[in-house]
Every structure is written in structure tokens, then in C-alpha cells.
file run.pdb (PDB, C-alpha atoms, pLDDT in the B column)
ATOM      1  CA  MET A   1      91.790 118.047 108.079  1.00 69.00           C
ATOM      2  CA  GLU A   2      93.720 120.354 105.749  1.00 77.00           C
ATOM      3  CA  ALA A   3      97.017 119.502 107.471  1.00 76.00           C
ATOM      4  CA  GLU A   4      96.312 115.769 107.033  1.00 81.00           C
ATOM      5  CA  ALA A   5      95.607 116.253 103.329  1.00 86.00           C
ATOM      6  CA  SER A   6      98.810 118.265 102.979  1.00 91.00           C
ATOM      7  CA  GLU A   7     100.871 115.554 104.712  1.00 93.00           C
ATOM      8  CA  LEU A   8      99.331 112.844 102.532  1.00 95.00           C
ATOM      9  CA  ALA A   9     100.036 114.895  99.391  1.00 95.00           C
ATOM     10  CA  TYR A  10     103.659 115.306 100.505  1.00 95.00           C
ATOM     11  CA  GLY A  11     104.007 111.574 101.196  1.00 96.00           C
ATOM     12  CA  ARG A  12     102.568 110.732  97.779  1.00 96.00           C
ATOM     13  CA  LYS A  13     105.067 113.085  96.136  1.00 96.00           C
ATOM     14  CA  VAL A  14     107.919 111.256  97.870  1.00 95.00           C
ATOM     15  CA  LEU A  15     106.536 107.876  96.807  1.00 97.00           C
ATOM     16  CA  GLU A  16     106.220 109.069  93.198  1.00 97.00           C
ATOM     17  CA  ALA A  17     109.934 109.952  93.287  1.00 96.00           C
ATOM     18  CA  GLN A  18     110.817 106.288  93.907  1.00 96.00           C
ATOM     19  CA  PRO A  19     111.132 104.565  90.508  1.00 98.00           C
ATOM     20  CA  PHE A  20     110.762 101.074  92.007  1.00 97.00           C
ATOM     21  CA  SER A  21     107.550 102.046  93.805  1.00 97.00           C
ATOM     22  CA  VAL A  22     106.199 103.476  90.554  1.00 97.00           C
ATOM     23  CA  LEU A  23     107.150 100.254  88.746  1.00 96.00           C
ATOM     24  CA  LEU A  24     105.169  98.223  91.292  1.00 97.00           C
ATOM     25  CA  GLY A  25     102.215 100.608  91.198  1.00 97.00           C
ATOM     26  CA  ALA A  26     102.357 101.336  94.932  1.00 98.00           C
ATOM     27  CA  ARG A  27     100.158 104.049  96.397  1.00 98.00           C
ATOM     28  CA  LEU A  28     100.108 105.781  99.753  1.00 98.00           C
ATOM     29  CA  THR A  29      96.602 105.871 101.219  1.00 98.00           C
ATOM     30  CA  ALA A  30      97.419 107.254 104.688  1.00 97.00           C
ATOM     31  CA  PHE A  31     100.352 109.243 106.031  1.00 97.00           C
ATOM     32  CA  GLY A  32     100.790 111.264 109.213  1.00 96.00           C
ATOM     33  CA  ASP A  33     101.114 111.156 112.986  1.00 95.00           C
ATOM     34  CA  GLY A  34     103.633 108.316 112.879  1.00 97.00           C
ATOM     35  CA  GLU A  35     101.494 106.084 110.689  1.00 98.00           C
ATOM     36  CA  ALA A  36     101.429 105.105 107.031  1.00 98.00           C
ATOM     37  CA  VAL A  37      99.433 102.787 104.811  1.00 98.00           C
ATOM     38  CA  LEU A  38     100.887 101.614 101.506  1.00 98.00           C
ATOM     39  CA  GLU A  39      98.831  99.601  99.014  1.00 98.00           C
ATOM     40  CA  LEU A  40      99.366  97.899  95.711  1.00 98.00           C
ATOM     41  CA  ASP A  41      97.088  95.988  93.414  1.00 98.00           C
ATOM     42  CA  VAL A  42      98.069  92.362  92.952  1.00 98.00           C
ATOM     43  CA  ARG A  43      98.794  91.340  89.388  1.00 97.00           C
ATOM     44  CA  ASP A  44     100.331  88.179  87.931  1.00 97.00           C
ATOM     45  CA  GLU A  45     103.836  89.677  87.686  1.00 96.00           C
ATOM     46  CA  LEU A  46     103.906  89.992  91.498  1.00 97.00           C
ATOM     47  CA  ARG A  47     103.156  86.323  92.162  1.00 97.00           C
ATOM     48  CA  GLN A  48     105.464  83.376  92.714  1.00 97.00           C
ATOM     49  CA  GLN A  49     105.091  79.953  91.061  1.00 97.00           C
ATOM     50  CA  ASN A  50     102.258  78.810  93.371  1.00 97.00           C
ATOM     51  CA  GLY A  51     100.144  81.888  92.675  1.00 96.00           C
ATOM     52  CA  PHE A  52     100.778  83.680  95.989  1.00 97.00           C
ATOM     53  CA  VAL A  53     102.149  87.220  96.183  1.00 98.00           C
ATOM     54  CA  HIS A  54     105.944  86.880  96.203  1.00 98.00           C
ATOM     55  CA  GLY A  55     107.682  87.326  99.555  1.00 98.00           C
ATOM     56  CA  GLY A  56     109.915  89.977  98.018  1.00 98.00           C
ATOM     57  CA  VAL A  57     106.853  92.093  97.247  1.00 98.00           C
ATOM     58  CA  LEU A  58     105.671  91.718 100.846  1.00 98.00           C
ATOM     59  CA  SER A  59     109.147  92.715 102.050  1.00 98.00           C
ATOM     60  CA  TYR A  60     109.181  95.770  99.795  1.00 98.00           C
ATOM     61  CA  ALA A  61     105.797  96.875 101.141  1.00 98.00           C
ATOM     62  CA  ALA A  62     106.874  96.354 104.755  1.00 98.00           C
ATOM     63  CA  ASP A  63     110.175  98.189 104.266  1.00 98.00           C
ATOM     64  CA  ASN A  64     108.599 101.206 102.619  1.00 98.00           C
ATOM     65  CA  ALA A  65     105.603 101.410 104.979  1.00 98.00           C
ATOM     66  CA  LEU A  66     107.880 101.181 108.026  1.00 98.00           C
ATOM     67  CA  THR A  67     110.063 103.980 106.708  1.00 98.00           C
ATOM     68  CA  PHE A  68     107.117 106.164 105.734  1.00 98.00           C
ATOM     69  CA  ALA A  69     105.643 105.763 109.235  1.00 98.00           C
ATOM     70  CA  ALA A  70     108.964 106.811 110.771  1.00 98.00           C
ATOM     71  CA  GLY A  71     109.205 109.773 108.411  1.00 97.00           C
ATOM     72  CA  ALA A  72     105.701 110.841 109.383  1.00 97.00           C
ATOM     73  CA  ALA A  73     106.927 111.055 112.972  1.00 97.00           C
ATOM     74  CA  VAL A  74     110.434 112.518 112.717  1.00 97.00           C
ATOM     75  CA  GLY A  75     110.765 114.159 109.306  1.00 93.00           C
ATOM     76  CA  PRO A  76     112.159 113.389 105.877  1.00 89.00           C
ATOM     77  CA  ALA A  77     115.755 112.382 106.596  1.00 94.00           C
ATOM     78  CA  VAL A  78     115.208 108.695 107.348  1.00 97.00           C
ATOM     79  CA  LEU A  79     116.645 105.425 106.057  1.00 97.00           C
ATOM     80  CA  THR A  80     115.906 101.810 106.861  1.00 97.00           C
ATOM     81  CA  ALA A  81     118.540 100.428 109.246  1.00 98.00           C
ATOM     82  CA  GLY A  82     117.018  96.949 109.295  1.00 98.00           C
ATOM     83  CA  PHE A  83     113.804  95.014 109.589  1.00 98.00           C
ATOM     84  CA  THR A  84     112.489  91.533 110.161  1.00 98.00           C
ATOM     85  CA  ILE A  85     109.456  89.958 108.599  1.00 98.00           C
ATOM     86  CA  ASP A  86     107.482  86.888 109.547  1.00 98.00           C
ATOM     87  CA  TYR A  87     105.282  85.295 106.895  1.00 98.00           C
ATOM     88  CA  LEU A  88     102.164  83.907 108.574  1.00 98.00           C
ATOM     89  CA  ARG A  89     100.187  82.502 105.641  1.00 98.00           C
ATOM     90  CA  PRO A  90     100.223  82.563 101.838  1.00 98.00           C
ATOM     91  CA  ALA A  91      99.318  85.998 100.478  1.00 98.00           C
ATOM     92  CA  ARG A  92      96.137  85.626  98.432  1.00 97.00           C
ATOM     93  CA  GLY A  93      93.871  88.494  97.452  1.00 97.00           C
ATOM     94  CA  GLU A  94      93.305  91.504  95.239  1.00 98.00           C
ATOM     95  CA  VAL A  95      95.214  94.215  97.126  1.00 98.00           C
ATOM     96  CA  LEU A  96      98.257  94.141  99.403  1.00 98.00           C
ATOM     97  CA  ARG A  97      97.921  96.638 102.265  1.00 98.00           C
ATOM     98  CA  ALA A  98     100.909  97.456 104.497  1.00 98.00           C
ATOM     99  CA  ARG A  99      99.803  99.304 107.634  1.00 98.00           C
ATOM    100  CA  ALA A 100     102.712 100.657 109.706  1.00 98.00           C
ATOM    101  CA  ALA A 101     102.966 102.654 112.918  1.00 98.00           C
ATOM    102  CA  VAL A 102     105.726 104.024 115.109  1.00 98.00           C
ATOM    103  CA  VAL A 103     106.319 102.130 118.342  1.00 98.00           C
ATOM    104  CA  ARG A 104     108.957 104.540 119.651  1.00 98.00           C
ATOM    105  CA  ALA A 105     110.657 107.533 118.077  1.00 97.00           C
ATOM    106  CA  GLY A 106     114.073 108.507 119.405  1.00 96.00           C
ATOM    107  CA  ARG A 107     116.599 111.103 118.253  1.00 95.00           C
ATOM    108  CA  THR A 108     118.583 108.725 116.049  1.00 97.00           C
ATOM    109  CA  ARG A 109     116.396 105.615 115.687  1.00 98.00           C
ATOM    110  CA  VAL A 110     112.697 104.964 115.222  1.00 98.00           C
ATOM    111  CA  VAL A 111     111.168 101.548 115.863  1.00 98.00           C
ATOM    112  CA  CYS A 112     108.064 100.730 113.823  1.00 98.00           C
ATOM    113  CA  ARG A 113     105.692  97.812 113.364  1.00 98.00           C
ATOM    114  CA  CYS A 114     103.827  96.788 110.197  1.00 98.00           C
ATOM    115  CA  ASP A 115     100.916  94.467 109.473  1.00 99.00           C
ATOM    116  CA  LEU A 116     100.746  93.123 105.919  1.00 98.00           C
ATOM    117  CA  LEU A 117      97.199  92.360 104.929  1.00 98.00           C
ATOM    118  CA  MET A 118      95.664  90.886 101.832  1.00 98.00           C
ATOM    119  CA  VAL A 119      92.339  92.419 100.848  1.00 98.00           C
ATOM    120  CA  ASP A 120      89.831  90.300  98.918  1.00 97.00           C
ATOM    121  CA  ALA A 121      87.217  91.430  96.375  1.00 96.00           C
ATOM    122  CA  GLU A 122      84.694  92.085  99.162  1.00 97.00           C
ATOM    123  CA  GLY A 123      87.143  94.229 101.129  1.00 97.00           C
ATOM    124  CA  ALA A 124      87.859  91.689 103.868  1.00 98.00           C
ATOM    125  CA  GLU A 125      91.410  91.793 105.230  1.00 98.00           C
ATOM    126  CA  THR A 126      93.533  88.747 106.050  1.00 98.00           C
ATOM    127  CA  LEU A 127      96.804  89.161 107.951  1.00 98.00           C
ATOM    128  CA  CYS A 128      99.552  87.373 106.004  1.00 98.00           C
ATOM    129  CA  ALA A 129     102.768  88.794 107.505  1.00 98.00           C
ATOM    130  CA  VAL A 130     104.096  91.064 110.238  1.00 98.00           C
ATOM    131  CA  ALA A 131     107.272  93.127 110.262  1.00 98.00           C
ATOM    132  CA  GLN A 132     109.232  95.253 112.676  1.00 98.00           C
ATOM    133  CA  GLY A 133     111.937  97.680 111.694  1.00 98.00           C
ATOM    134  CA  THR A 134     114.477 100.156 112.927  1.00 98.00           C
ATOM    135  CA  ILE A 135     114.689 103.351 110.936  1.00 98.00           C
ATOM    136  CA  ALA A 136     117.766 105.575 111.190  1.00 98.00           C
ATOM    137  CA  VAL A 137     117.354 109.321 111.415  1.00 97.00           C
ATOM    138  CA  ALA A 138     120.034 110.793 109.140  1.00 92.00           C
ATOM    139  CA  ALA A 139     121.885 113.806 110.512  1.00 79.00           C
ATOM    140  CA  ASP A 140     120.899 116.879 108.484  1.00 65.00           C
ATOM    141  CA  GLY A 141     119.844 114.760 105.498  1.00 53.00           C
ATOM    142  CA  ALA A 142     123.411 113.507 105.088  1.00 51.00           C
ATOM    143  CA  ASP A 143     124.274 111.082 102.293  1.00 47.00           C
ATOM    144  CA  GLY A 144     121.271 111.965 100.178  1.00 43.00           C
ATOM    145  CA  ALA A 145     118.671 110.805 102.671  1.00 39.00           C
ATOM    146  CA  GLU A 146     116.082 113.097 101.130  1.00 40.00           C
ATOM    147  CA  GLY A 147     114.308 111.059  98.524  1.00 39.00           C
ATOM    148  CA  ALA A 148     116.017 107.832  99.630  1.00 39.00           C
ATOM    149  CA  GLU A 149     114.039 104.702 100.518  1.00 43.00           C
ATOM    150  CA  GLY A 150     111.238 106.392 102.305  1.00 45.00           C
ATOM    151  CA  ALA A 151     112.477 109.910 102.955  1.00 41.00           C
ATOM    152  CA  ARG A 152     109.726 111.083 105.212  1.00 37.00           C
ATOM    153  CA  GLY A 153     108.308 107.849 104.405  1.00 42.00           C
TER     154      GLY A 153
END
call {"tool": "encode", "arguments": {"input": "run.pdb", "output": "C-alpha cells"}}
result
Amino acid sequence: MEAEASELAYGRKVLEAQPFSVLLGARLTAFGDGEAVLELDVRDELRQQNGFVHGGVLSYAADNALTFAAGAAVGPAVLTAGFTIDYLRPARGEVLRARAAVVRAGRTRVVCRCDLLMVDAEGAETLCAVAQGTIAVAADGADGAEGAEGARG
């Protein structure tokens, strides 16, 4: 229990070091054992012209959650190598929740999956997008990997 709290505190510290994540108001609600959950409250500035959460916001959440999940499995020196996202339905709700988990962790690459869920006022989740990504493990934190994208997240 104490180790989990320590890992989550570390992950939150990394997230707080990302100016863009701070700008969006993202928060890490779970982190450890190759899994991560990133959330952000939906506000008007995050919507597109039809009132749905903008696809770029969904992509941000997927990218960061995928990288945090990888970091939770292999350590802090990680960077997104690439990811794909499939939008399944318009994103409507109060909170965007990105739930990511490692599929396979190798020495140099980690493959992760992410479900992007919209949470309504009653707490019900609706799947709106899915993503899969490959996260590169940087050799010895080369090229400033610590603190980058999702360093250990």
C-alpha cells in the first residue's frame, strides 16, 4: 500500500513537471505495475465546434497515459515512439479518463493499450476511443528523456 502511494506520488510529480499537462488540468489517479490512469475535467475550451471534446485532447490523453503506463513498468527513461487512435463515438461527458496498460514490455520497446472513456455526472463511463502505442526505452536517459513526454509516465 505504501509503495503504491509512493509510486503515485512520483508519477504526479512527473506530470506536474509537464507545462502542457498543467495547462490542461490533467491529473494522474493511478500509476504502477504497468498501468496508469490520467483524467481531466472537461471545460468549454477543450471542445470542438459541435460541443464534443476535441480529438486533439483525446490524443493528448492517450499519448500521456500510454507513456505513463510504460514508465510504470520499465522506469523513467521513456518516450513515445508512435501511437494510433481510433475514435469510436463523440466524446460527451464531464471527465475524460484515459486508462492505459502495458501489453508487452521489452528491453527497448514497450507496447501499451489505452481506453479513453467519458464519465458523466453520475459516474457512468462510455468508451469513446481506443489507442495503442509503442514507447521507446531511452538508453541511460539519453537526450533528456527524464521529464520528457511521460518520463516514467
call {"tool": "resolve_selection", "arguments": {"input": "run.pdb", "expression": "the PyMOL selection byres ((chain A and resi 97-109) around 6)", "output": "count of residues only"}}
result
22
call {"tool": "resolve_selection", "arguments": {"input": "run.pdb", "expression": "the PyMOL selection byres ((chain A and resi 123) around 12)", "output": "PyMOL selection string"}}
result
chain A and resi 93-97+117-122+124-126
call {"tool": "residues_near_point", "arguments": {"input": "run.pdb", "point": "(99.7, 84.4, 100.6)", "cutoff": "10 Å", "atoms": "only C-alpha atoms", "output": "PDB file with C-alpha atoms, in the coordinates of the input"}}
result
ATOM      1  CA  ARG A  47     103.156  86.323  92.162  1.00 97.00           C
ATOM      2  CA  GLN A  48     105.464  83.376  92.714  1.00 97.00           C
ATOM      3  CA  ASN A  50     102.258  78.810  93.371  1.00 97.00           C
ATOM      4  CA  GLY A  51     100.144  81.888  92.675  1.00 96.00           C
ATOM      5  CA  PHE A  52     100.778  83.680  95.989  1.00 97.00           C
ATOM      6  CA  VAL A  53     102.149  87.220  96.183  1.00 98.00           C
ATOM      7  CA  HIS A  54     105.944  86.880  96.203  1.00 98.00           C
ATOM      8  CA  GLY A  55     107.682  87.326  99.555  1.00 98.00           C
ATOM      9  CA  LEU A  58     105.671  91.718 100.846  1.00 98.00           C
ATOM     10  CA  TYR A  87     105.282  85.295 106.895  1.00 98.00           C
ATOM     11  CA  LEU A  88     102.164  83.907 108.574  1.00 98.00           C
ATOM     12  CA  ARG A  89     100.187  82.502 105.641  1.00 98.00           C
ATOM     13  CA  PRO A  90     100.223  82.563 101.838  1.00 98.00           C
ATOM     14  CA  ALA A  91      99.318  85.998 100.478  1.00 98.00           C
ATOM     15  CA  ARG A  92      96.137  85.626  98.432  1.00 97.00           C
ATOM     16  CA  GLY A  93      93.871  88.494  97.452  1.00 97.00           C
ATOM     17  CA  LEU A  96      98.257  94.141  99.403  1.00 98.00           C
ATOM     18  CA  LEU A 117      97.199  92.360 104.929  1.00 98.00           C
ATOM     19  CA  MET A 118      95.664  90.886 101.832  1.00 98.00           C
ATOM     20  CA  THR A 126      93.533  88.747 106.050  1.00 98.00           C
ATOM     21  CA  LEU A 127      96.804  89.161 107.951  1.00 98.00           C
ATOM     22  CA  CYS A 128      99.552  87.373 106.004  1.00 98.00           C
ATOM     23  CA  ALA A 129     102.768  88.794 107.505  1.00 98.00           C
TER      24      ALA A 129
END
call {"tool": "atom_distance", "arguments": {"input": "run.pdb", "atom1": "atom CA of A:Phe83", "atom2": "atom CA of A:Gln132"}}
result
5.5 Å
call {"tool": "residues_near_point", "arguments": {"input": "run.pdb", "point": "(109.8, 93.8, 107.7)", "cutoff": "7 Å", "atoms": "only C-alpha atoms", "output": "PyMOL selection string"}}
result
chain A and resi 59+62-63+83-85+130-133
call {"tool": "write_last_selection", "arguments": {"input": "run.pdb", "atoms": "C-alpha atoms", "output": "tab-separated table (two decimals), keeping the file's coordinate frame"}}
result
chain	number	residue	atom	x	y	z
A	59	SER	CA	109.15	92.72	102.05
A	62	ALA	CA	106.87	96.35	104.76
A	63	ASP	CA	110.18	98.19	104.27
A	83	PHE	CA	113.80	95.01	109.59
A	84	THR	CA	112.49	91.53	110.16
A	85	ILE	CA	109.46	89.96	108.60
A	130	VAL	CA	104.10	91.06	110.24
A	131	ALA	CA	107.27	93.13	110.26
A	132	GLN	CA	109.23	95.25	112.68
A	133	GLY	CA	111.94	97.68	111.69
call {"tool": "closest_residue", "arguments": {"input": "run.pdb", "among": "A:Leu24, A:Val42, A:Leu8, A:Val14", "to": "A:Tyr60", "atoms": "all atoms listed in the file"}}
result
A:Leu24
call {"tool": "decode", "arguments": {"input": "run.pdb", "residues": "stretch 8-42 of chain A", "atoms": "N, CA, C and O atoms", "output": "compact mmCIF listing (two decimals), in the first residue's frame"}}
result
# COMPACT_ATOMS: atom_id res chain seq x y z
N LEU A 8 2.53 6.52 -7.00
CA LEU A 8 1.56 7.51 -7.48
C LEU A 8 2.07 8.92 -7.22
O LEU A 8 1.96 9.79 -8.09
N ALA A 9 2.66 9.16 -6.07
CA ALA A 9 3.21 10.48 -5.76
C ALA A 9 4.32 10.84 -6.75
O ALA A 9 4.40 11.98 -7.22
N TYR A 10 5.16 9.86 -7.09
CA TYR A 10 6.23 10.10 -8.06
C TYR A 10 5.63 10.44 -9.43
O TYR A 10 6.05 11.39 -10.08
N GLY A 11 4.66 9.65 -9.86
CA GLY A 11 4.01 9.90 -11.15
C GLY A 11 3.39 11.28 -11.21
O GLY A 11 3.49 11.99 -12.22
N ARG A 12 2.74 11.68 -10.13
CA ARG A 12 2.12 13.02 -10.09
C ARG A 12 3.17 14.12 -10.18
O ARG A 12 2.94 15.16 -10.81
N LYS A 13 4.32 13.90 -9.56
CA LYS A 13 5.41 14.88 -9.64
C LYS A 13 5.88 15.03 -11.09
O LYS A 13 6.13 16.15 -11.55
N VAL A 14 6.00 13.93 -11.79
CA VAL A 14 6.40 13.97 -13.20
C VAL A 14 5.35 14.73 -14.02
O VAL A 14 5.68 15.58 -14.83
N LEU A 15 4.08 14.42 -13.79
CA LEU A 15 3.01 15.09 -14.53
C LEU A 15 3.03 16.59 -14.26
O LEU A 15 2.87 17.40 -15.19
N GLU A 16 3.26 16.99 -13.03
CA GLU A 16 3.30 18.41 -12.67
C GLU A 16 4.47 19.14 -13.33
O GLU A 16 4.46 20.36 -13.43
N ALA A 17 5.47 18.38 -13.78
CA ALA A 17 6.63 18.99 -14.46
C ALA A 17 6.37 19.20 -15.95
O ALA A 17 7.22 19.75 -16.65
N GLN A 18 5.21 18.80 -16.43
CA GLN A 18 4.84 18.96 -17.84
C GLN A 18 3.93 20.18 -17.98
O GLN A 18 2.75 20.11 -17.65
N PRO A 19 4.45 21.30 -18.47
CA PRO A 19 3.64 22.52 -18.56
C PRO A 19 2.33 22.33 -19.33
O PRO A 19 1.30 22.88 -18.95
N PHE A 20 2.35 21.54 -20.41
CA PHE A 20 1.12 21.36 -21.19
C PHE A 20 0.08 20.60 -20.38
O PHE A 20 -1.12 20.93 -20.42
N SER A 21 0.50 19.60 -19.63
CA SER A 21 -0.43 18.85 -18.78
C SER A 21 -1.03 19.74 -17.71
O SER A 21 -2.23 19.65 -17.41
N VAL A 22 -0.22 20.63 -17.15
CA VAL A 22 -0.71 21.58 -16.15
C VAL A 22 -1.73 22.51 -16.80
O VAL A 22 -2.78 22.78 -16.23
N LEU A 23 -1.42 23.00 -18.01
CA LEU A 23 -2.33 23.88 -18.72
C LEU A 23 -3.71 23.22 -18.92
O LEU A 23 -4.75 23.85 -18.73
N LEU A 24 -3.70 21.93 -19.25
CA LEU A 24 -4.96 21.22 -19.47
C LEU A 24 -5.65 20.83 -18.17
O LEU A 24 -6.84 20.52 -18.17
N GLY A 25 -4.93 20.83 -17.07
CA GLY A 25 -5.51 20.44 -15.79
C GLY A 25 -5.56 18.93 -15.62
O GLY A 25 -6.40 18.41 -14.88
N ALA A 26 -4.64 18.22 -16.27
CA ALA A 26 -4.62 16.76 -16.17
C ALA A 26 -4.19 16.33 -14.77
O ALA A 26 -3.43 17.02 -14.10
N ARG A 27 -4.68 15.17 -14.36
CA ARG A 27 -4.28 14.59 -13.08
C ARG A 27 -4.10 13.08 -13.24
O ARG A 27 -4.81 12.45 -14.01
N LEU A 28 -3.15 12.56 -12.52
CA LEU A 28 -2.87 11.13 -12.52
C LEU A 28 -3.60 10.53 -11.33
O LEU A 28 -3.37 10.94 -10.19
N THR A 29 -4.49 9.57 -11.59
CA THR A 29 -5.26 8.97 -10.50
C THR A 29 -4.82 7.56 -10.17
O THR A 29 -5.19 7.03 -9.12
N ALA A 30 -4.02 6.94 -11.05
CA ALA A 30 -3.45 5.62 -10.78
C ALA A 30 -2.15 5.51 -11.54
O ALA A 30 -2.03 6.01 -12.66
N PHE A 31 -1.16 4.85 -10.90
CA PHE A 31 0.14 4.70 -11.53
C PHE A 31 0.90 3.58 -10.83
O PHE A 31 1.10 3.63 -9.62
N GLY A 32 1.28 2.56 -11.59
CA GLY A 32 2.09 1.48 -11.04
C GLY A 32 1.77 0.16 -11.70
O GLY A 32 0.72 -0.01 -12.32
N ASP A 33 2.72 -0.77 -11.59
CA ASP A 33 2.55 -2.12 -12.15
C ASP A 33 2.14 -2.11 -13.62
O ASP A 33 1.27 -2.88 -14.04
N GLY A 34 2.74 -1.22 -14.40
CA GLY A 34 2.46 -1.19 -15.83
C GLY A 34 1.10 -0.63 -16.20
O GLY A 34 0.61 -0.87 -17.30
N GLU A 35 0.52 0.14 -15.31
CA GLU A 35 -0.79 0.74 -15.59
C GLU A 35 -0.78 2.21 -15.16
O GLU A 35 -0.03 2.59 -14.26
N ALA A 36 -1.64 2.99 -15.82
CA ALA A 36 -1.79 4.39 -15.46
C ALA A 36 -3.18 4.87 -15.85
O ALA A 36 -3.74 4.40 -16.85
N VAL A 37 -3.71 5.76 -15.05
CA VAL A 37 -4.99 6.39 -15.37
C VAL A 37 -4.79 7.90 -15.26
O VAL A 37 -4.35 8.41 -14.23
N LEU A 38 -5.10 8.58 -16.35
CA LEU A 38 -4.99 10.04 -16.44
C LEU A 38 -6.39 10.59 -16.63
O LEU A 38 -7.18 10.04 -17.42
N GLU A 39 -6.73 11.64 -15.90
CA GLU A 39 -8.05 12.25 -16.03
C GLU A 39 -7.93 13.75 -16.23
O GLU A 39 -6.95 14.37 -15.80
N LEU A 40 -8.96 14.31 -16.87
CA LEU A 40 -9.07 15.76 -16.90
C LEU A 40 -10.53 16.14 -17.00
O LEU A 40 -11.35 15.45 -17.61
N ASP A 41 -10.85 17.22 -16.30
CA ASP A 41 -12.22 17.73 -16.31
C ASP A 41 -12.46 18.42 -17.65
O ASP A 41 -11.62 19.17 -18.13
N VAL A 42 -13.63 18.17 -18.21
CA VAL A 42 -13.99 18.78 -19.49
C VAL A 42 -14.51 20.19 -19.22
O VAL A 42 -15.33 20.42 -18.35
